[in-house]
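Enquirer: One structure follows; several queries about it will come next.
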Amino acid sequence: MENIDTRILINGNIVSGEAEKTILSSPENNAFIAEVPCASIDQVDAAVDAANMAFPGWKKKSFADRADVLFKFADRIEEKGDLLAKLESINCGKPLQRMLEDEIPAIVDHFRFFAGASRCMSGSASGEYLEGFTSMIRRDPVGVVGQIAPWNYPLMMGAWKIAPALAAGNTVVFKPSECTPLTILALANDIKEIFPPGVLNVVTGKGSVIGKHIAEHDKIQMVSVTGSVGTGKQVLQSATSNIKRTHLELGGKAPVIAFDDCDIPDLVENIKLWGYYNAGQDCTAACRLYVHENIYDEVVEKLTDAVKSIDVNDIGPLISNEQREIVSGFVERAKEVPHLKIVAGGNKIDRGFFYEPTLIVDARQDDEVVQEEIFGPVVTVTRFNDMDQVIEGANDCKYGLASSIWTKDIQKAHKVSSMLQYGVTWINTYFMYASEMPHGGFKMSGYGKDLSMYGLEDYTVVRHIMVKI
Ligand code: NAD
């Protein structure tokens, strides 16, 4: 693709990054895509200063005026949807159709949702809690927010961060993943046109340098990161510099519990789709299946056929050779475990960074492939025989992001869902998101919500105002 703009946005000015360049290559065929100059530390400081300068003006705007700006941005993303989809597809290797049908409409909807939602934020009742004094609650923006995004859904994770932060009246310094900066950079000119200078700044660079600098910056009041647990821990440490607020969306290892009264074809179809979607590079991927012993053999047989039938072009490659090596490492170690059987896939594909859709069966609770986030097209299947055992197994995990239950018995589904420690539990379905519903985790999946009014509130501070009457 020609004319890929790799410049960054500071205070409404589009400028080239002044530090070293990152070379992007195609996950599909390893071909050169672009060289992206990273921002220098001075440039990040300038972006932070601009965001601080812009904050009072942006905060002062009415909710309706801020919403107007966000609606315009949503419209622009929609207008440029084809270009953005193509760029993201080139950068990540994602199937273009998935970008066009799944991600772009969702991104547009997230901006529109938060534009409207900010006008509907409600507080608790105000009144006279001490005689002669009226109290009221305000929800005010935090200030300048540093936002750091991952590479698996680059623009969508950007939307999840930027939209609520700006809608709530904060200003932002946003850093995309060094692997996937192209879509947000392609919007730099639109941001410049639509937003007042400094409200939304975009800088590029490595996590260990630019991300760390943002997380440590003493003129940033909050840092929000979506990424791995290791990154989350580092960001937490950096944030101690000025006691920043933190918002962490980290890894996942979703359990999928299939009881013996479930609809087996529907279950199999959903695992085929959502265990391997985006090549499994998804913190909510349906990757850890627990199947009741009465239906275990049938599910394994049908799922094996289903996984073997996946066309890798429909799920795409992994983002990098490094990520493929990580996935391959997990599977190669699994091959050494005598009780594990790899019944589909299990190998790299000799093309770009593709990896075969892989199914590992007869997995046990303590196996590495059951406990650790693989972040690739690998699903495990574990046998269970009673409800308490499967609840214990599902919760025996350092993550707590997504889960699902498959049964026709709604009482059983509710009983189990009430005992799971996961931010979302889907019942007889999977991977369904609504802008109105929260997304976020327990345990090492982090804390803080994306999407929904809860996501918006996370970018505000509750204040008490009292007046003597
Ligand atoms: P990553 O942790 O490598 O990087 C995420 C971002 O953090 C990047 O922009 C990176 O540059 C930056 N970063 C890295 N080190 C940093 C540091 N020390 N200080 C500040 N910033 C730093 O993650 P990734 O590989 O891009 O994404 C995959 C991970 O993200 C997986 O673990 C996945 O589960 C998680 N994820 C979680 C969610 C969720 O909603 N919980 C959504 C998507 C991805």
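Going by the structure tokens order, chains are called A, B, ..., each with residues numbered from 1, while ligands are numbered from 1 in the order shown.
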From a DSSP pass on the backbone, collect the residues of stretch 179-275 of chain A flagged as alpha helix (DSSP H) and hand them back as a ChimeraX atom specification.
Expert: /A:182-186,188-194,212-216,229-239,264-274
Enquirer: Write as a PDB file with C-alpha atoms, in the first residue's frame the residues around ligand 1, taking 8 Å as the cut-off and counting only C-alpha atoms and all ligand atoms.
Expert:
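Resulting contents of result.pdb:
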ATOM      1  CA  ILE A 148      -1.234   2.424  26.018  1.00  0.00           C
ATOM      2  CA  ALA A 149      -2.768  -0.091  23.614  1.00  0.00           C
ATOM      3  CA  PRO A 150      -1.910  -3.658  22.506  1.00  0.00           C
ATOM      4  CA  TRP A 151      -1.558  -5.106  19.005  1.00  0.00           C
ATOM      5  CA  ASN A 152      -4.388  -7.609  18.813  1.00  0.00           C
ATOM      6  CA  TYR A 153      -7.223  -5.152  18.027  1.00  0.00           C
ATOM      7  CA  MET A 157      -8.612  -1.100  21.854  1.00  0.00           C
ATOM      8  CA  LYS A 175       0.496   5.291  22.438  1.00  0.00           C
ATOM      9  CA  PRO A 176      -0.394   2.425  20.107  1.00  0.00           C
ATOM     10  CA  SER A 177       1.613  -0.785  20.205  1.00  0.00           C
ATOM     11  CA  GLU A 178       4.923  -0.398  18.371  1.00  0.00           C
ATOM     12  CA  CYS A 179       3.777  -3.328  16.190  1.00  0.00           C
ATOM     13  CA  GLY A 205       7.418   4.062  20.422  1.00  0.00           C
ATOM     14  CA  LYS A 206       8.445   1.004  22.353  1.00  0.00           C
ATOM     15  CA  GLY A 207       6.747   0.067  25.582  1.00  0.00           C
ATOM     16  CA  SER A 208      10.023  -0.172  27.462  1.00  0.00           C
ATOM     17  CA  VAL A 209      10.938   3.419  26.529  1.00  0.00           C
ATOM     18  CA  ILE A 210       7.928   5.530  25.551  1.00  0.00           C
ATOM     19  CA  GLY A 211       5.306   3.463  27.385  1.00  0.00           C
ATOM     20  CA  LYS A 212       7.423   3.513  30.519  1.00  0.00           C
ATOM     21  CA  HIS A 213       7.985   7.258  30.212  1.00  0.00           C
ATOM     22  CA  ILE A 214       4.219   7.832  29.937  1.00  0.00           C
ATOM     23  CA  ALA A 215       3.512   5.579  32.923  1.00  0.00           C
ATOM     24  CA  VAL A 225      -2.971  -0.014  29.617  1.00  0.00           C
ATOM     25  CA  THR A 226      -4.222  -3.075  27.788  1.00  0.00           C
ATOM     26  CA  GLY A 227      -1.535  -5.676  27.475  1.00  0.00           C
ATOM     27  CA  SER A 228       0.160  -8.604  29.137  1.00  0.00           C
ATOM     28  CA  VAL A 229       0.359  -9.185  32.878  1.00  0.00           C
ATOM     29  CA  GLY A 230       4.108  -8.447  32.814  1.00  0.00           C
ATOM     30  CA  THR A 231       3.430  -5.056  31.254  1.00  0.00           C
ATOM     31  CA  GLY A 232       0.631  -4.393  33.738  1.00  0.00           C
ATOM     32  CA  GLN A 234       5.623  -2.696  35.178  1.00  0.00           C
ATOM     33  CA  VAL A 235       3.053   0.029  34.572  1.00  0.00           C
ATOM     34  CA  SER A 238       5.966   3.176  37.135  1.00  0.00           C
ATOM     35  CA  LEU A 248      -5.423  -2.340  33.641  1.00  0.00           C
ATOM     36  CA  GLU A 249      -6.883  -4.746  31.090  1.00  0.00           C
ATOM     37  CA  LEU A 250      -4.513  -7.687  31.041  1.00  0.00           C
ATOM     38  CA  GLY A 251      -4.452 -11.318  29.971  1.00  0.00           C
ATOM     39  CA  GLY A 252      -7.045 -14.068  30.046  1.00  0.00           C
ATOM     40  CA  GLN A 281      -4.838 -13.541  19.861  1.00  0.00           C
ATOM     41  CA  ASP A 282      -7.668 -12.533  22.086  1.00  0.00           C
ATOM     42  CA  CYS A 283      -7.750 -12.153  25.856  1.00  0.00           C
ATOM     43  CA  THR A 284     -11.249 -13.726  25.863  1.00  0.00           C
ATOM     44  CA  GLU A 373      -2.255 -17.729  28.297  1.00  0.00           C
ATOM     45  CA  PHE A 375      -2.387 -16.137  22.803  1.00  0.00           C
ATOM     46  CA  LEU A 401     -11.661 -12.178  32.322  1.00  0.00           C
ATOM     47  CA  HIS A 439     -15.694  -5.619  29.941  1.00  0.00           C
ATOM     48  CA  GLY A 440     -12.953  -6.196  32.483  1.00  0.00           C
ATOM     49  CA  GLY A 441     -11.469  -8.738  34.798  1.00  0.00           C
ATOM     50  CA  SER A 445      -6.647  -9.960  34.273  1.00  0.00           C
ATOM     51  CA  GLY A 446      -6.526  -6.551  35.909  1.00  0.00           C
ATOM     52  CA  ASP A 450     -13.911  -0.886  29.359  1.00  0.00           C
TER      53      ASP A 450
END
Enquirer: Let me make sure I understand: among A:Val268, A:Val390, A:Val424, A:Val172, which one has the smallest atom-to-atom distance to A:Pro438 if we use only C-alpha atoms?
Expert: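 Checking each of A:Val268, A:Val390, A:Val424, A:Val172 against A:Pro438, counting only C-alpha atoms, the winner is A:Val424.
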Enquirer: Considering only C-alpha atoms, can you say which of A:Asp75, A:Asp260, A:Asp458, A:Glu28 comes closest to A:Gly352?
Expert: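 Among the listed residues, A:Glu28 lies closest to A:Gly352.
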Enquirer: Please build the interface table for stretch 199-308 of chain A against stretch 80-96 of chain A with a cut-off of 10 Å, listing for each qualifying residue the nearest atom pair and the distance in Å to one decimal; count only C-alpha atoms, order rows by chain and increasing number, and write it as a tab-separated table.
Expert:
residue	atom	partner	partner_atom	distance
A:Tyr277	CA	A:Lys94	CA	9.7
A:Asn278	CA	A:Lys94	CA	6.8
A:Ala279	CA	A:Lys94	CA	8.8
Enquirer: Compare A:Glu457, A:Phe111, A:Val203, A:Ala106 by their minimum atom-to-atom distance to A:Ser16, counting only C-alpha atoms, and give me the closest one.
Expert: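 For A:Ser16, the nearest of the given residues is A:Val203.
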Enquirer: Write out as a PyMOL selection string the set of residues from stretch 147-346 of chain A that DSSP, computed on the backbone, places in strand (DSSP E or B).
Expert: chain A and resi 147-148+171-175+200-202+222-226+245-249+255-258+288-292+341-344
Enquirer: Check the smallest atom-to-atom distance from each of A:Val202, A:Ala159, A:Cys262, A:Leu456 to A:Arg139 using only C-alpha atoms, then report the winner.
Expert: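 Checking each candidate against A:Arg139, we get A:Leu456 as the closest.
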